[in-house]
$ cat my_file.pdb   # PDB, C-alpha atoms
ATOM      1  CA  MET A   1       0.000   0.000   0.000
ATOM      2  CA  LYS A   2       2.849   2.346   0.869
ATOM      3  CA  ASP A   3       4.557   1.548  -2.470
ATOM      4  CA  LEU A   4       1.319   2.324  -4.315
ATOM      5  CA  LYS A   5       1.085   5.716  -2.603
ATOM      6  CA  GLN A   6       4.730   6.394  -3.472
ATOM      7  CA  ASP A   7       4.110   5.468  -7.115
ATOM      8  CA  ARG A   8       1.121   7.795  -7.307
ATOM      9  CA  TYR A   9       3.155  10.558  -5.690
ATOM     10  CA  ILE A  10       5.917  10.131  -8.301
ATOM     11  CA  GLN A  11       3.321  10.120 -11.085
ATOM     12  CA  GLY A  12       1.823  13.310  -9.650
ATOM     13  CA  VAL A  13       5.237  15.006  -9.571
ATOM     14  CA  LEU A  14       5.978  13.992 -13.179
ATOM     15  CA  MET A  15       2.588  15.228 -14.373
ATOM     16  CA  ILE A  16       2.885  18.602 -12.650
ATOM     17  CA  ILE A  17       6.380  19.104 -14.106
ATOM     18  CA  LEU A  18       4.961  18.230 -17.542
ATOM     19  CA  SER A  19       2.223  20.800 -16.928
ATOM     20  CA  ALA A  20       4.811  23.446 -16.009
ATOM     21  CA  PHE A  21       6.752  22.721 -19.211
ATOM     22  CA  CYS A  22       3.566  22.976 -21.298
ATOM     23  CA  PHE A  23       2.646  26.355 -19.799
ATOM     24  CA  ALA A  24       6.189  27.668 -20.308
ATOM     25  CA  CYS A  25       5.979  26.599 -23.979
ATOM     26  CA  MET A  26       2.563  28.257 -24.224
ATOM     27  CA  ASN A  27       4.047  31.580 -23.110
ATOM     28  CA  VAL A  28       6.867  31.226 -25.639
ATOM     29  CA  PHE A  29       4.431  30.533 -28.505
ATOM     30  CA  VAL A  30       2.307  33.501 -27.414
ATOM     31  CA  ARG A  31       5.376  35.741 -27.736
ATOM     32  CA  LEU A  32       6.453  34.128 -31.033
ATOM     33  CA  ALA A  33       3.024  34.868 -32.543
ATOM     34  CA  GLY A  34       4.239  38.447 -32.857
ATOM     35  CA  ASP A  35       2.420  41.784 -32.877
ATOM     36  CA  ILE A  36      -1.131  40.549 -32.397
ATOM     37  CA  PRO A  37      -3.429  41.913 -29.643
ATOM     38  CA  SER A  38      -3.353  39.851 -26.455
ATOM     39  CA  VAL A  39      -7.144  39.477 -26.542
ATOM     40  CA  GLN A  40      -6.984  37.923 -30.011
ATOM     41  CA  LYS A  41      -4.246  35.567 -28.860
ATOM     42  CA  SER A  42      -6.341  34.477 -25.890
ATOM     43  CA  PHE A  43      -9.272  33.670 -28.204
ATOM     44  CA  PHE A  44      -7.298  31.123 -30.218
ATOM     45  CA  ARG A  45      -5.658  29.714 -27.089
ATOM     46  CA  ASN A  46      -9.041  29.067 -25.470
ATOM     47  CA  LEU A  47     -10.650  27.859 -28.698
ATOM     48  CA  VAL A  48      -8.197  24.965 -28.915
ATOM     49  CA  ALA A  49      -8.650  24.157 -25.205
ATOM     50  CA  ALA A  50     -12.466  24.177 -25.573
ATOM     51  CA  ILE A  51     -12.324  21.812 -28.566
ATOM     52  CA  LEU A  52      -9.947  19.397 -26.824
ATOM     53  CA  ALA A  53     -11.943  19.455 -23.566
ATOM     54  CA  GLY A  54     -15.141  18.879 -25.563
ATOM     55  CA  ALA A  55     -13.514  15.916 -27.295
ATOM     56  CA  VAL A  56     -12.575  14.367 -23.934
ATOM     57  CA  ILE A  57     -16.115  14.892 -22.630
ATOM     58  CA  TRP A  58     -17.574  13.272 -25.753
ATOM     59  CA  LYS A  59     -15.105  10.358 -25.703
ATOM     60  CA  ASP A  60     -15.627   9.578 -22.009
ATOM     61  CA  HIS A  61     -19.394  10.271 -22.110
ATOM     62  CA  VAL A  62     -19.102  12.846 -19.304
ATOM     63  CA  SER A  63     -22.259  14.820 -18.530
ATOM     64  CA  VAL A  64     -21.898  18.601 -18.979
ATOM     65  CA  HIS A  65     -24.812  19.254 -16.619
ATOM     66  CA  VAL A  66     -23.740  21.270 -13.579
ATOM     67  CA  LYS A  67     -25.976  21.164 -10.529
ATOM     68  CA  LYS A  68     -27.594  24.425  -9.498
ATOM     69  CA  GLU A  69     -25.556  24.992  -6.334
ATOM     70  CA  ALA A  70     -22.281  24.791  -8.302
ATOM     71  CA  ARG A  71     -23.195  27.232 -11.081
ATOM     72  CA  LEU A  72     -22.208  30.429  -9.257
ATOM     73  CA  SER A  73     -18.775  29.002  -8.412
ATOM     74  CA  LEU A  74     -18.351  27.910 -12.036
ATOM     75  CA  ALA A  75     -19.309  31.407 -13.240
ATOM     76  CA  VAL A  76     -16.773  33.021 -10.884
ATOM     77  CA  ARG A  77     -14.116  30.550 -12.085
ATOM     78  CA  CYS A  78     -14.867  31.462 -15.704
ATOM     79  CA  VAL A  79     -14.821  35.247 -15.168
ATOM     80  CA  PHE A  80     -11.658  35.424 -13.093
ATOM     81  CA  GLY A  81      -9.951  32.694 -15.105
ATOM     82  CA  THR A  82     -10.467  34.899 -18.150
ATOM     83  CA  VAL A  83      -8.980  37.865 -16.279
ATOM     84  CA  GLY A  84      -6.019  35.635 -15.404
ATOM     85  CA  ILE A  85      -5.459  34.588 -19.038
ATOM     86  CA  LEU A  86      -5.707  38.124 -20.426
ATOM     87  CA  GLY A  87      -3.388  39.504 -17.745
ATOM     88  CA  ASN A  88      -0.829  36.751 -18.310
ATOM     89  CA  PHE A  89      -0.842  37.120 -22.104
ATOM     90  CA  TYR A  90      -0.456  40.899 -21.894
ATOM     91  CA  ALA A  91       2.465  40.484 -19.489
ATOM     92  CA  VAL A  92       4.104  37.866 -21.745
ATOM     93  CA  ASP A  93       3.936  40.321 -24.660
ATOM     94  CA  HIS A  94       5.561  43.170 -22.712
ATOM     95  CA  LEU A  95       7.906  41.559 -20.167
ATOM     96  CA  LEU A  96      10.596  38.898 -20.084
ATOM     97  CA  VAL A  97       8.982  35.467 -20.401
ATOM     98  CA  ALA A  98      10.433  34.448 -17.009
ATOM     99  CA  ASP A  99       9.145  37.640 -15.299
ATOM    100  CA  ALA A 100       5.644  37.151 -16.717
ATOM    101  CA  SER A 101       5.681  33.499 -15.627
ATOM    102  CA  ILE A 102       6.702  34.238 -12.032
ATOM    103  CA  LEU A 103       4.044  36.950 -11.670
ATOM    104  CA  ASN A 104       1.418  34.460 -12.827
ATOM    105  CA  LYS A 105       2.747  32.021 -10.236
ATOM    106  CA  LEU A 106       1.594  34.368  -7.480
ATOM    107  CA  SER A 107      -1.786  32.677  -7.979
ATOM    108  CA  PRO A 108      -1.301  30.061  -5.182
ATOM    109  CA  PHE A 109      -0.745  32.877  -2.680
ATOM    110  CA  PHE A 110      -3.815  34.746  -3.894
ATOM    111  CA  ALA A 111      -5.646  31.423  -3.619
ATOM    112  CA  ILE A 112      -4.726  31.264   0.096
ATOM    113  CA  ILE A 113      -6.077  34.779   0.648
ATOM    114  CA  PHE A 114      -9.316  34.153  -1.226
ATOM    115  CA  SER A 115      -9.771  30.728   0.369
ATOM    116  CA  TYR A 116      -9.908  32.673   3.632
ATOM    117  CA  LEU A 117     -12.232  35.369   2.279
ATOM    118  CA  LEU A 118     -14.533  33.134   0.209
ATOM    119  CA  LEU A 119     -14.270  29.656   1.727
ATOM    120  CA  LYS A 120     -13.616  30.797   5.319
ATOM    121  CA  GLU A 121     -10.496  28.615   5.544
ATOM    122  CA  LYS A 122      -8.103  29.717   8.276
ATOM    123  CA  ILE A 123      -4.719  31.240   7.392
ATOM    124  CA  THR A 124      -1.936  30.034   9.671
ATOM    125  CA  PHE A 125       0.975  32.192  10.782
ATOM    126  CA  PHE A 126       3.348  30.346   8.448
ATOM    127  CA  GLN A 127       1.003  30.828   5.498
ATOM    128  CA  ALA A 128       0.769  34.552   6.268
ATOM    129  CA  VAL A 129       4.587  34.776   6.380
ATOM    130  CA  CYS A 130       4.832  32.942   3.050
ATOM    131  CA  VAL A 131       2.304  35.274   1.436
ATOM    132  CA  GLY A 132       4.260  38.309   2.693
ATOM    133  CA  LEU A 133       7.531  36.817   1.417
ATOM    134  CA  ALA A 134       5.995  36.109  -1.986
ATOM    135  CA  PHE A 135       4.702  39.648  -2.387
ATOM    136  CA  THR A 136       8.081  41.032  -1.380
ATOM    137  CA  GLY A 137       9.548  38.933  -4.179
ATOM    138  CA  CYS A 138       6.862  40.326  -6.470
ATOM    139  CA  LEU A 139       8.105  43.860  -5.752
ATOM    140  CA  PHE A 140      11.619  42.843  -6.839
ATOM    141  CA  VAL A 141      10.245  41.584 -10.153
ATOM    142  CA  VAL A 142       7.867  44.503 -10.739
ATOM    143  CA  LYS A 143      10.367  47.140  -9.507
ATOM    144  CA  PRO A 144       7.777  49.919  -9.035
ATOM    145  CA  GLY A 145       9.136  53.432  -9.558
ATOM    146  CA  PHE A 146      12.380  52.274 -11.183
ATOM    147  CA  GLU A 147      13.360  54.069 -14.363
ATOM    148  CA  ASN A 148      12.763  52.259 -17.663
ATOM    149  CA  THR A 149      10.788  49.552 -15.896
ATOM    150  CA  PRO A 150       7.542  48.495 -17.671
ATOM    151  CA  TRP A 151       5.595  48.564 -14.420
ATOM    152  CA  VAL A 152       2.164  48.797 -16.080
ATOM    153  CA  PRO A 153       2.570  45.396 -17.825
ATOM    154  CA  ALA A 154       4.024  44.073 -14.575
ATOM    155  CA  MET A 155       0.968  45.194 -12.613
ATOM    156  CA  VAL A 156      -1.287  43.671 -15.289
ATOM    157  CA  GLY A 157       0.700  40.460 -14.766
ATOM    158  CA  VAL A 158       0.018  40.666 -11.023
ATOM    159  CA  LEU A 159      -3.679  41.200 -11.815
ATOM    160  CA  GLY A 160      -3.502  38.070 -13.961
ATOM    161  CA  GLY A 161      -2.068  36.141 -10.999
ATOM    162  CA  LEU A 162      -4.855  37.487  -8.783
ATOM    163  CA  GLY A 163      -7.510  36.402 -11.280
ATOM    164  CA  ALA A 164      -5.941  32.949 -11.519
ATOM    165  CA  GLY A 165      -5.831  32.716  -7.717
ATOM    166  CA  ILE A 166      -9.569  33.363  -7.417
ATOM    167  CA  ALA A 167     -10.218  30.941 -10.286
ATOM    168  CA  TYR A 168      -8.200  28.159  -8.603
ATOM    169  CA  THR A 169     -10.095  28.778  -5.365
ATOM    170  CA  MET A 170     -13.322  28.136  -7.268
ATOM    171  CA  VAL A 171     -11.828  25.044  -8.944
ATOM    172  CA  ARG A 172     -11.169  23.668  -5.480
ATOM    173  CA  ARG A 173     -14.765  24.364  -4.448
ATOM    174  CA  LEU A 174     -16.125  22.819  -7.660
ATOM    175  CA  GLY A 175     -14.006  19.708  -7.066
ATOM    176  CA  THR A 176     -15.629  19.225  -3.670
ATOM    177  CA  MET A 177     -19.005  19.541  -5.398
ATOM    178  CA  GLY A 178     -18.179  16.693  -7.776
ATOM    179  CA  VAL A 179     -17.765  18.732 -10.979
ATOM    180  CA  LYS A 180     -15.357  16.913 -13.331
ATOM    181  CA  GLY A 181     -12.095  18.536 -14.491
ATOM    182  CA  PRO A 182     -12.823  18.373 -18.263
ATOM    183  CA  VAL A 183     -16.217  20.007 -17.669
ATOM    184  CA  ILE A 184     -14.589  22.900 -15.779
ATOM    185  CA  VAL A 185     -11.965  23.314 -18.520
ATOM    186  CA  PHE A 186     -14.642  23.184 -21.245
ATOM    187  CA  TYR A 187     -16.944  25.806 -19.722
ATOM    188  CA  PHE A 188     -14.051  28.115 -18.804
ATOM    189  CA  SER A 189     -12.476  27.906 -22.276
ATOM    190  CA  LEU A 190     -15.816  28.345 -24.048
ATOM    191  CA  PHE A 191     -16.741  31.326 -21.851
ATOM    192  CA  SER A 192     -13.362  32.973 -22.462
ATOM    193  CA  CYS A 193     -13.811  32.584 -26.226
ATOM    194  CA  LEU A 194     -17.320  34.044 -26.233
ATOM    195  CA  VAL A 195     -16.380  37.011 -24.037
ATOM    196  CA  VAL A 196     -13.587  38.212 -26.348
ATOM    197  CA  ILE A 197     -15.406  37.599 -29.665
ATOM    198  CA  PRO A 198     -16.885  41.155 -29.887
ATOM    199  CA  TRP A 199     -13.515  42.838 -29.230
ATOM    200  CA  THR A 200     -11.700  40.447 -31.571
ATOM    201  CA  ALA A 201     -14.276  40.986 -34.343
ATOM    202  CA  PHE A 202     -13.982  44.786 -34.256
ATOM    203  CA  HIS A 203     -10.194  44.898 -33.751
ATOM    204  CA  PHE A 204      -9.147  41.819 -35.680
ATOM    205  CA  THR A 205      -5.517  41.850 -36.809
ATOM    206  CA  PRO A 206      -4.839  39.786 -39.956
ATOM    207  CA  MET A 207      -2.493  36.865 -39.298
ATOM    208  CA  SER A 208      -0.116  34.933 -41.486
ATOM    209  CA  PRO A 209      -0.422  31.116 -41.613
ATOM    210  CA  VAL A 210       2.706  30.911 -39.435
ATOM    211  CA  GLN A 211       1.178  33.187 -36.778
ATOM    212  CA  LEU A 212      -2.072  31.220 -36.795
ATOM    213  CA  GLY A 213      -0.152  27.954 -36.497
ATOM    214  CA  THR A 214       1.888  29.401 -33.615
ATOM    215  CA  LEU A 215      -1.266  30.414 -31.731
ATOM    216  CA  LEU A 216      -2.778  26.980 -32.290
ATOM    217  CA  LEU A 217       0.397  25.481 -30.812
ATOM    218  CA  ALA A 218       0.006  27.845 -27.840
ATOM    219  CA  GLY A 219      -3.546  26.578 -27.380
ATOM    220  CA  THR A 220      -2.427  22.955 -27.645
ATOM    221  CA  CYS A 221       0.278  23.525 -25.001
ATOM    222  CA  ALA A 222      -2.245  25.302 -22.768
ATOM    223  CA  ALA A 223      -4.700  22.423 -23.031
ATOM    224  CA  GLY A 224      -1.905  19.945 -22.342
ATOM    225  CA  GLY A 225      -0.896  21.953 -19.279
ATOM    226  CA  GLN A 226      -4.452  22.105 -17.945
ATOM    227  CA  PHE A 227      -5.090  18.390 -18.393
ATOM    228  CA  ALA A 228      -1.680  17.459 -16.952
ATOM    229  CA  ILE A 229      -2.151  19.546 -13.822
ATOM    230  CA  THR A 230      -5.666  18.162 -13.345
ATOM    231  CA  ARG A 231      -4.276  14.629 -13.661
ATOM    232  CA  ALA A 232      -1.439  15.478 -11.251
ATOM    233  CA  TYR A 233      -3.899  16.442  -8.535
ATOM    234  CA  THR A 234      -5.776  13.162  -8.967
ATOM    235  CA  TYR A 235      -2.538  11.329  -8.119
ATOM    236  CA  ALA A 236      -1.519  13.412  -5.092
ATOM    237  CA  PRO A 237      -2.835  16.333  -2.993
ATOM    238  CA  ALA A 238      -1.843  19.835  -4.100
ATOM    239  CA  LYS A 239      -0.042  20.530  -0.831
ATOM    240  CA  LYS A 240       2.337  17.637  -1.522
ATOM    241  CA  ILE A 241       3.276  18.409  -5.122
ATOM    242  CA  SER A 242       2.418  22.070  -5.829
ATOM    243  CA  ILE A 243       6.022  23.174  -5.205
ATOM    244  CA  TYR A 244       7.069  21.397  -8.410
ATOM    245  CA  ASP A 245       4.805  23.712 -10.417
ATOM    246  CA  TYR A 246       7.512  26.368  -9.951
ATOM    247  CA  SER A 247       9.723  24.411 -12.326
ATOM    248  CA  GLN A 248       7.916  26.533 -14.939
ATOM    249  CA  ILE A 249      10.219  29.404 -13.957
ATOM    250  CA  ILE A 250      13.262  27.279 -14.789
ATOM    251  CA  PHE A 251      11.768  26.271 -18.145
ATOM    252  CA  ALA A 252      10.710  29.872 -18.876
ATOM    253  CA  THR A 253      14.153  31.267 -18.050
ATOM    254  CA  ILE A 254      15.918  28.680 -20.238
ATOM    255  CA  LEU A 255      13.492  29.070 -23.158
ATOM    256  CA  GLY A 256      13.558  32.867 -22.867
ATOM    257  CA  TYR A 257      17.351  32.870 -23.047
ATOM    258  CA  VAL A 258      17.666  30.306 -25.874
ATOM    259  CA  ILE A 259      14.895  31.719 -28.092
ATOM    260  CA  PHE A 260      14.804  35.444 -27.283
ATOM    261  CA  GLY A 261      18.217  36.015 -25.698
ATOM    262  CA  GLU A 262      16.507  37.296 -22.520
ATOM    263  CA  ILE A 263      18.544  37.484 -19.318
ATOM    264  CA  PRO A 264      16.630  38.564 -16.178
ATOM    265  CA  ASP A 265      18.406  41.187 -14.040
ATOM    266  CA  ARG A 266      19.628  40.665 -10.493
ATOM    267  CA  LEU A 267      16.496  42.100  -8.895
ATOM    268  CA  SER A 268      14.330  39.715 -10.892
ATOM    269  CA  PHE A 269      16.454  36.755  -9.807
ATOM    270  CA  ALA A 270      16.171  37.990  -6.203
ATOM    271  CA  GLY A 271      12.387  38.097  -6.643
ATOM    272  CA  TYR A 272      12.336  34.584  -8.116
ATOM    273  CA  THR A 273      14.349  33.348  -5.115
ATOM    274  CA  LEU A 274      11.963  34.915  -2.584
ATOM    275  CA  ILE A 275       8.827  33.586  -4.295
ATOM    276  CA  VAL A 276      10.216  30.067  -4.750
ATOM    277  CA  THR A 277      11.541  30.096  -1.152
ATOM    278  CA  ALA A 278       8.085  31.078   0.117
ATOM    279  CA  SER A 279       6.614  28.205  -1.883
ATOM    280  CA  LEU A 280       9.199  25.763  -0.514
ATOM    281  CA  VAL A 281       8.535  26.841   3.091
ATOM    282  CA  MET A 282       4.789  26.407   2.582
ATOM    283  CA  PHE A 283       5.355  23.022   0.941
ATOM    284  CA  LEU A 284       7.496  21.770   3.860
ATOM    285  CA  TYR A 285       5.004  23.157   6.380
ATOM    286  CA  ASN A 286       2.132  21.285   4.695
ATOM    287  CA  ARG A 287       4.187  18.075   4.552
ATOM    288  CA  ARG A 288       4.913  18.348   8.274
ATOM    289  CA  GLY A 289       1.206  18.805   9.002
ATOM    290  CA  ASP A 290       0.477  15.743   6.853
ATOM    291  CA  ARG A 291       2.888  13.569   8.825
ATOM    292  CA  GLN A 292       1.372  14.684  12.137
ATOM    293  CA  GLU A 293      -2.112  13.803  10.891
ATOM    294  CA  GLU A 294      -0.880  10.373   9.733
ATOM    295  CA  LYS A 295       0.620   9.686  13.174
ATOM    296  CA  LYS A 296      -2.675  10.646  14.854
ATOM    297  CA  GLY A 297      -4.544   8.421  12.403
TER     298      GLY A 297
END
$ encode --input "my_file.pdb" --output "C-alpha cells"
Amino acid sequence: MKDLKQDRYIQGVLMIILSAFCFACMNVFVRLAGDIPSVQKSFFRNLVAAILAGAVIWKDHVSVHVKKEARLSLAVRCVFGTVGILGNFYAVDHLLVADASILNKLSPFFAIIFSYLLLKEKITFFQAVCVGLAFTGCLFVVKPGFENTPWVPAMVGVLGGLGAGIAYTMVRRLGTMGVKGPVIVFYFSLFSCLVVIPWTAFHFTPMSPVQLGTLLLAGTCAAGGQFAITRAYTYAPAKKISIYDYSQIIFATILGYVIFGEIPDRLSFAGYTLIVTASLVMFLYNRRGDRQEEKKG
C-alpha cells in the first residue's frame, strides 16, 4: 500500500512538471506569434482548449450538466480565469517570459487569501509569512518606480495572478461539489472565447499562416498543461506536489534565453528566489502537518 502511494506521488510530480513545461511553452508561442493583440491571442488559445476538452467529454461520455448549487462558483471561475489569461498574455507580450511566468505564479498565494475570504479557511501564521515573502519577491520583479521599468505590464501580470488565484479557489470548491475537471476546462475555455469575440471581431488583426499555427500550438500547449495539472492532482494532494509547479520558472528562463536572448536582471532573480523560497517553506510546512495527521490516524 505504501509503495502504491509512493508510485502515485511520483506520477503526480511527473505530471505537474509536464504541466509546467507545457505552460512555459505556451508563453513562448504567445510571444512568437508576434504583434497581435493579447485578446486575439487568448481567443485562439481558449478555442483549442475548448475543442480538446469537448472531445474528452464526448469520448468519455461525461455529462456537462452542472448542478444548481455549483453554477455560481463555475461562473466566478470562468470570469476570473479569463482575467487571469488576459493579464498573463499581456504580461508575456511586454515583459521577459520568465518575469511574466513568475508573476502568474503568485496565484497560489492569492488562492490562500481568497480561500480565507470566500471559503472561510483559516490562514496560519506560516502561510501569512509565506504570502508576505511572496509579495516582497513580487516587488523585486515589478520594480515599481524604477526608471525604464515596464511597471504597467508588470501590474497587469500581477492582476492576472490574482484572477488565476480566485479561479483556482473556485476550482477547489467545484471539485468538492463533484464537478469533473474536463467540464470545468470546457466551460471556462468556451466562456473565455465568447467574451472576447466582440472585441476580436472589431479589432481583428490579420495573421499569417505561421502566426495562426503558432497560436494553435500555444492553445495545444495550454490544453496539455491544464489536463496534466488536473491529472497530477488526482494522483496526489496539491499541498504535496504544488512546489514542483515552480519548475515553470526554470523552463521559462531557459526558453527565454535560448529563443529570445533574454537574461533577467539581479532584482528579478532575487524576486524569483523569494517567491520560490516562500513556496518551498509552505510546501514543507504542509508536509509536516500531513505527517502529524498520519501519526494521529
$ atom_distance --input "my_file.pdb" --atom1 "atom CA of A:Ile123" --atom2 "atom CA of A:Gly181"
26.4 Å
$ closest_residue --input "my_file.pdb" --among "A:Val131, A:Phe188, A:Val158, A:Thr176" --to "A:Lys105" --atoms "only C-alpha atoms"
A:Val158
$ resolve_selection --input "my_file.pdb" --expression "the PyMOL selection byres ((chain A and resi 167) around 7)" --output "compact mmCIF listing (two decimals) with C-alpha atoms, keeping the file's coordinate frame"
# COMPACT_ATOMS: atom_id res chain seq x y z
CA VAL A 76 -16.77 33.02 -10.88
CA ARG A 77 -14.12 30.55 -12.08
CA PHE A 80 -11.66 35.42 -13.09
CA GLY A 81 -9.95 32.69 -15.10
CA GLY A 163 -7.51 36.40 -11.28
CA ALA A 164 -5.94 32.95 -11.52
CA GLY A 165 -5.83 32.72 -7.72
CA ILE A 166 -9.57 33.36 -7.42
CA TYR A 168 -8.20 28.16 -8.60
CA THR A 169 -10.10 28.78 -5.36
CA MET A 170 -13.32 28.14 -7.27
CA VAL A 171 -11.83 25.04 -8.94
$ resolve_selection --input "my_file.pdb" --expression "the PyMOL selection byres ((chain A and resi 17-20) around 6)" --output "PyMOL selection string"
chain A and resi 14-16+21-23+225+228-229+245+248
$ resolve_selection --input "my_file.pdb" --expression "the PyMOL selection byres ((chain A and resi 160) around 6)" --output "number ranges by chain"
A: 83-84, 87-88, 157-159, 161-163
$ closest_residue --input "my_file.pdb" --among "A:Ile254, A:Leu139, A:Ala98, A:Val92" --to "A:Pro37" --atoms "all atoms listed in the file"
A:Val92
$ atom_distance --input "my_file.pdb" --atom1 "atom CA of A:Gly137" --atom2 "atom CA of A:Cys25"
23.6 Å
$ closest_residue --input "my_file.pdb" --among "A:Gly34, A:Gly12, A:Pro153, A:Gly54" --to "A:Gly213" --atoms "all atoms listed in the file"
A:Gly34
$ closest_residue --input "my_file.pdb" --among "A:Tyr90, A:Phe202, A:Phe191, A:Tyr116" --to "A:Met155" --atoms "all atoms listed in the file"
A:Tyr90
$ closest_residue --input "my_file.pdb" --among "A:Gln211, A:Ser247, A:Gln11, A:Asn27" --to "A:Ile259" --atoms "all atoms listed in the file"
A:Asn27
$ residues_around --input "my_file.pdb" --residues "stretch 203-206 of chain A" --least-positions-apart "4" --cutoff "9 Å" --atoms "only C-alpha atoms" --output "NGL selection string"
:A and (35-37 or 40 or 198-199)
$ residues_around --input "my_file.pdb" --residues "A:Ala70" --least-positions-apart "5" --cutoff "9 Å" --atoms "all atoms listed in the file" --output "PyMOL selection string"
chain A and resi 75+173-174+177+179
$ atom_distance --input "my_file.pdb" --atom1 "atom CA of A:Val28" --atom2 "atom CA of A:Met207"
17.5 Å
